[in-house]
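The structure appears below as C-alpha cells.
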Amino acid sequence: MKTRPPLRLLFGLLASAAVLPAQIDTITEARVREAVSWLADDARAGRDTPSQGLEDAAQWLAKRFEAAGLQQGTKGSWFHEYTLPGLRVDSREIELKLVRKHKDKETTLDLQPDVDVRLWSAADTASGETEATTVAQADDPVLQRLLGAESGRRPIVIEVPTDHPFWLGAAGARTMLGGRRAAARPIFLVKKGLFPELPTDGTEATWTATWKAPAPEKVEIPLKNVVGMIPGTTKRDEYVIVSAHYDHIGTGSPAEGDSINNGADDDASGTTAVLLLAEALAREKPPARNILFVCFSGEEKGLRGSAAFAEHPPVPREQIVANINIEMIGRPEEGKQGMAWITGADLSDFAAIAGDALQLQGVALTEFRMAGQLFAQSDNYSFAKYGIVAHSLSAGSLHKDYHRPSDEVAKLDIPHMTKITRGLFEVVRAFADREPKPVWSEAGKKRIERLRK
Ligand SMILES: [Zn+2]
C-alpha cells in the first residue's frame, strides 16, 4: 500500500538530499565483519598463491568493485595479470604399489591413481622400487618435517583422511609455484582406511614401494591483482594507490585439528579496508587525484603481485604519487586499541599527513618496535623501489596466531578494525586531495638511493 508521506518527512528527505550523505558512515562494524568473514572463510582454504580460493576471492573483489561503481583499473578488465614460473603435477599419472611385510605375512596394496593415491609434491625422480619406504600418518607429529624435507632418495607415503586439505589439494592436475623446487623424491598421499592394521605387539612392519611419478611439466602460472579506480577531477594525471594483499599461505599441517590458515588479520583485514574504502569513496564527492584500489596476490610468496604491478603498472609509473598499503589492522597490541602505526615512518612526510587525517576519526599514531624493518616486508616496498612514497599502515601486532590456522575472524577486534578503516577514509582523502605530493625525508632519500643501486 502506498500512502502520501507526511510533509515533515518530505522536508527531511529534501534537506538530507541537499548535502551529500556521509559515506564514511557506510563503514560499519557489521559491514567490516561481513567482508572479512567472507575472505577468511574456510571455503577460501587460506587463499594460497595459486589456488581456487584465491581465484574465487579475486572474482568476488572485482564484483564488489563493479557494484560500487568503480571503473576498471586496467584497460577493459578488473585484473592486472602477470605470470610466475611453476610446475604442473598430475595425480592421475602416477603409480604406486605398496607391499607391507610384517613377520612372515605380506600385504599388497595396488593403489588406483587419484582415487587411492595422490602426488603431494613434484619430484625429479620418475620411478623406482624402494625398500624401507617411510610410511606416516597424517596426524604424525613429524609430518611437517617429512613434507619439508628436501633431501633423501626414498619416496614418502602419508596416509591422510579424505577430508584432509592435503588430500583435497592434491586431486587431479595442479600447479605449484616453481620457487618450490622439485624434490629429489616424491611424497605420496594415500587415502585413509586402505592400510592394514598396525602391529600392536611392538614388532615392526616394513614397506616396499614400487612407483612412478612423471617429472613435472614447467608452466607459467597466470595470476591476478584486482584493480578498481575512482577517477580524479582536478589532478587527473596523478594517482594514489590504496592497497592490501588478498592472498595468504593456504593450508598447512593441522594444529589442534585445524589446517586452514585463514589469514583473517593477515591480510583479509587490509583487503576488507581497501574494499570498504572503495565502496564508500565511490559515492563521495570525487577526489582531485585518481585513486587506484589494488588487491595484490603473491605477497606471501615474496611480494610477487606488487612487484609485477610496479614493474608494469596500468598507469604511468611516474604519475603515481603515493601508495597507502594496509597490513594487519585487526588485532591491536594490548592497550593500543584504536591506534595505528606506519612502517618506516621517518623516511617521508607520509606519517605526518596520515597522522593528521587519522585524528579526524580519533585514531592516534603509535610506535611499533619492528615498524622500521617491516618497511621492506610488505607490498609498499615494491613501489618504494621505484622512488614512490610508499608505506604500510598497520594497526596490529605480530601476534602468536600470525601465519597459523588460528588467525581467524573470531580473534579480530572488529570495533578497532572499523575505527581504523574509518580513519583510513580520511587518510585516502588527504592524499588524494591535498595540494603537495608526499616527499621522502633525507633519510628516505638515502634509503631509496641504496635500494636503486
Ligand atoms: Zn601480510
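Just remember, in the C-alpha cells the first chain shown is A, the second B, etc., residues are 1-based per chain, and ligands are 1-based in the order shown.
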Mind listing the residues within 12 Å of ligand 1, only C-alpha atoms and all ligand atoms counted, as a PDB file with C-alpha atoms, in the first residue's frame?
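Saved file selection_33.pdb follows:
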```pdb
ATOM      1  CA  SER A 243      46.382  -1.478  -1.499  1.00  0.00           C
ATOM      2  CA  ALA A 244      46.450  -4.685   0.532  1.00  0.00           C
ATOM      3  CA  HIS A 245      47.269  -8.292  -0.283  1.00  0.00           C
ATOM      4  CA  TYR A 246      44.352 -10.689  -0.627  1.00  0.00           C
ATOM      5  CA  ASP A 247      46.488 -13.822  -0.672  1.00  0.00           C
ATOM      6  CA  HIS A 248      47.657 -15.785   2.344  1.00  0.00           C
ATOM      7  CA  ILE A 249      49.588 -19.037   2.890  1.00  0.00           C
ATOM      8  CA  ASN A 262      42.552 -18.255   7.276  1.00  0.00           C
ATOM      9  CA  GLY A 263      44.692 -15.129   7.396  1.00  0.00           C
ATOM     10  CA  ALA A 264      41.873 -13.077   8.906  1.00  0.00           C
ATOM     11  CA  ASP A 265      44.283 -10.437  10.181  1.00  0.00           C
ATOM     12  CA  ASP A 266      46.971 -11.128   7.506  1.00  0.00           C
ATOM     13  CA  ASP A 267      45.643  -9.681   5.319  1.00  0.00           C
ATOM     14  CA  ALA A 268      41.898 -10.185   4.949  1.00  0.00           C
ATOM     15  CA  SER A 269      41.692  -7.223   7.348  1.00  0.00           C
ATOM     16  CA  GLY A 270      43.607  -4.925   4.989  1.00  0.00           C
ATOM     17  CA  THR A 271      41.742  -6.216   1.951  1.00  0.00           C
ATOM     18  CA  CYS A 295      44.395  -6.067  -4.086  1.00  0.00           C
ATOM     19  CA  PHE A 296      47.644  -7.986  -4.594  1.00  0.00           C
ATOM     20  CA  SER A 297      48.216 -11.711  -4.878  1.00  0.00           C
ATOM     21  CA  GLY A 298      51.583 -13.383  -4.280  1.00  0.00           C
ATOM     22  CA  GLU A 299      52.583 -11.218  -1.302  1.00  0.00           C
ATOM     23  CA  GLU A 300      53.315 -14.240   0.842  1.00  0.00           C
ATOM     24  CA  LYS A 301      55.497 -15.663  -1.936  1.00  0.00           C
ATOM     25  CA  GLY A 302      57.834 -12.673  -1.832  1.00  0.00           C
ATOM     26  CA  LEU A 303      55.823  -9.541  -2.752  1.00  0.00           C
ATOM     27  CA  ASN A 325      49.362  -0.101   1.806  1.00  0.00           C
ATOM     28  CA  ILE A 326      47.229  -1.642   4.540  1.00  0.00           C
ATOM     29  CA  GLU A 327      48.552  -4.604   6.532  1.00  0.00           C
ATOM     30  CA  MET A 328      47.059  -6.353   9.545  1.00  0.00           C
ATOM     31  CA  ILE A 329      44.708  -3.868  11.161  1.00  0.00           C
ATOM     32  CA  GLY A 330      42.538  -6.340  13.068  1.00  0.00           C
ATOM     33  CA  LEU A 374      58.767  -4.066   8.372  1.00  0.00           C
ATOM     34  CA  PHE A 375      59.033  -1.248   5.806  1.00  0.00           C
ATOM     35  CA  ALA A 376      60.727  -3.759   3.486  1.00  0.00           C
ATOM     36  CA  GLN A 377      58.385  -6.648   4.309  1.00  0.00           C
ATOM     37  CA  SER A 378      55.199  -5.720   2.509  1.00  0.00           C
ATOM     38  CA  ASP A 379      53.881  -4.567  -0.837  1.00  0.00           C
ATOM     39  CA  ASN A 380      54.657  -0.867  -0.285  1.00  0.00           C
ATOM     40  CA  SER A 392      52.287   0.246   5.081  1.00  0.00           C
ATOM     41  CA  LEU A 393      49.806   1.291   7.719  1.00  0.00           C
ATOM     42  CA  SER A 394      49.141  -1.342  10.318  1.00  0.00           C
ATOM     43  CA  GLY A 396      48.076  -4.858  14.587  1.00  0.00           C
ATOM     44  CA  SER A 397      50.885  -6.827  16.094  1.00  0.00           C
ATOM     45  CA  LEU A 398      52.899  -9.912  15.272  1.00  0.00           C
ATOM     46  CA  TYR A 402      50.491 -14.992  12.871  1.00  0.00           C
ATOM     47  CA  HIS A 403      50.728 -17.432   9.916  1.00  0.00           C
ATOM     48  CA  ASP A 407      44.451 -16.344  12.648  1.00  0.00           C
TER      49      ASP A 407
END
```
For this session: Considering only C-alpha atoms, return as a ChimeraX atom specification whatever protein or nucleic-acid residues lie within 7 Å of A:Val160, sequence-local ones (same chain, fewer than 4 positions apart) excluded.
Result: /A:137-138,164,167,189-192
Please provide as a PDB file with N, CA and C atoms, in the first residue's frame all residues within 8 Å of A:Leu84, with the sequence filter that same-chain residues fewer than 5 positions apart are discarded (counting only C-alpha atoms).
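Here's the written file around-v5.pdb:
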```pdb
ATOM      1  N   LEU A 177      53.962 -23.080  -7.490  1.00  0.00           N
ATOM      2  CA  LEU A 177      54.992 -22.133  -7.889  1.00  0.00           C
ATOM      3  C   LEU A 177      56.339 -22.831  -7.999  1.00  0.00           C
ATOM      4  N   GLY A 178      57.094 -22.435  -9.006  1.00  0.00           N
ATOM      5  CA  GLY A 178      58.377 -23.072  -9.277  1.00  0.00           C
ATOM      6  C   GLY A 178      59.430 -22.786  -8.243  1.00  0.00           C
ATOM      7  N   GLU A 220      53.904 -21.585 -16.956  1.00  0.00           N
ATOM      8  CA  GLU A 220      53.758 -20.219 -16.448  1.00  0.00           C
ATOM      9  C   GLU A 220      52.380 -20.144 -15.785  1.00  0.00           C
ATOM     10  N   ILE A 221      52.340 -19.789 -14.520  1.00  0.00           N
ATOM     11  CA  ILE A 221      51.071 -19.763 -13.785  1.00  0.00           C
ATOM     12  C   ILE A 221      50.450 -18.365 -13.893  1.00  0.00           C
ATOM     13  N   PRO A 222      49.233 -18.280 -14.446  1.00  0.00           N
ATOM     14  CA  PRO A 222      48.587 -16.965 -14.538  1.00  0.00           C
ATOM     15  C   PRO A 222      48.057 -16.506 -13.187  1.00  0.00           C
ATOM     16  N   LEU A 223      48.326 -15.262 -12.833  1.00  0.00           N
ATOM     17  CA  LEU A 223      47.893 -14.717 -11.538  1.00  0.00           C
ATOM     18  C   LEU A 223      47.307 -13.325 -11.735  1.00  0.00           C
TER      19      LEU A 223
END
```
Exercise. What lies within 10 Å of A:Gln361 using only C-alpha atoms, ignoring chain neighbours under 6 positions off, as a list in words?
Worked result: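 Once the adjacent positions are removed, what remains is Gly338, Lys419, Ile420, Thr421, Arg422, Gly423, Leu424, Phe425 and Glu426 of chain A.
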Exercise. Taking only C-alpha atoms into account, which of A:Asp48, A:Glu238, A:Glu204, A:Asp356 comes nearest A:Ala432?
Worked result: A:Glu238
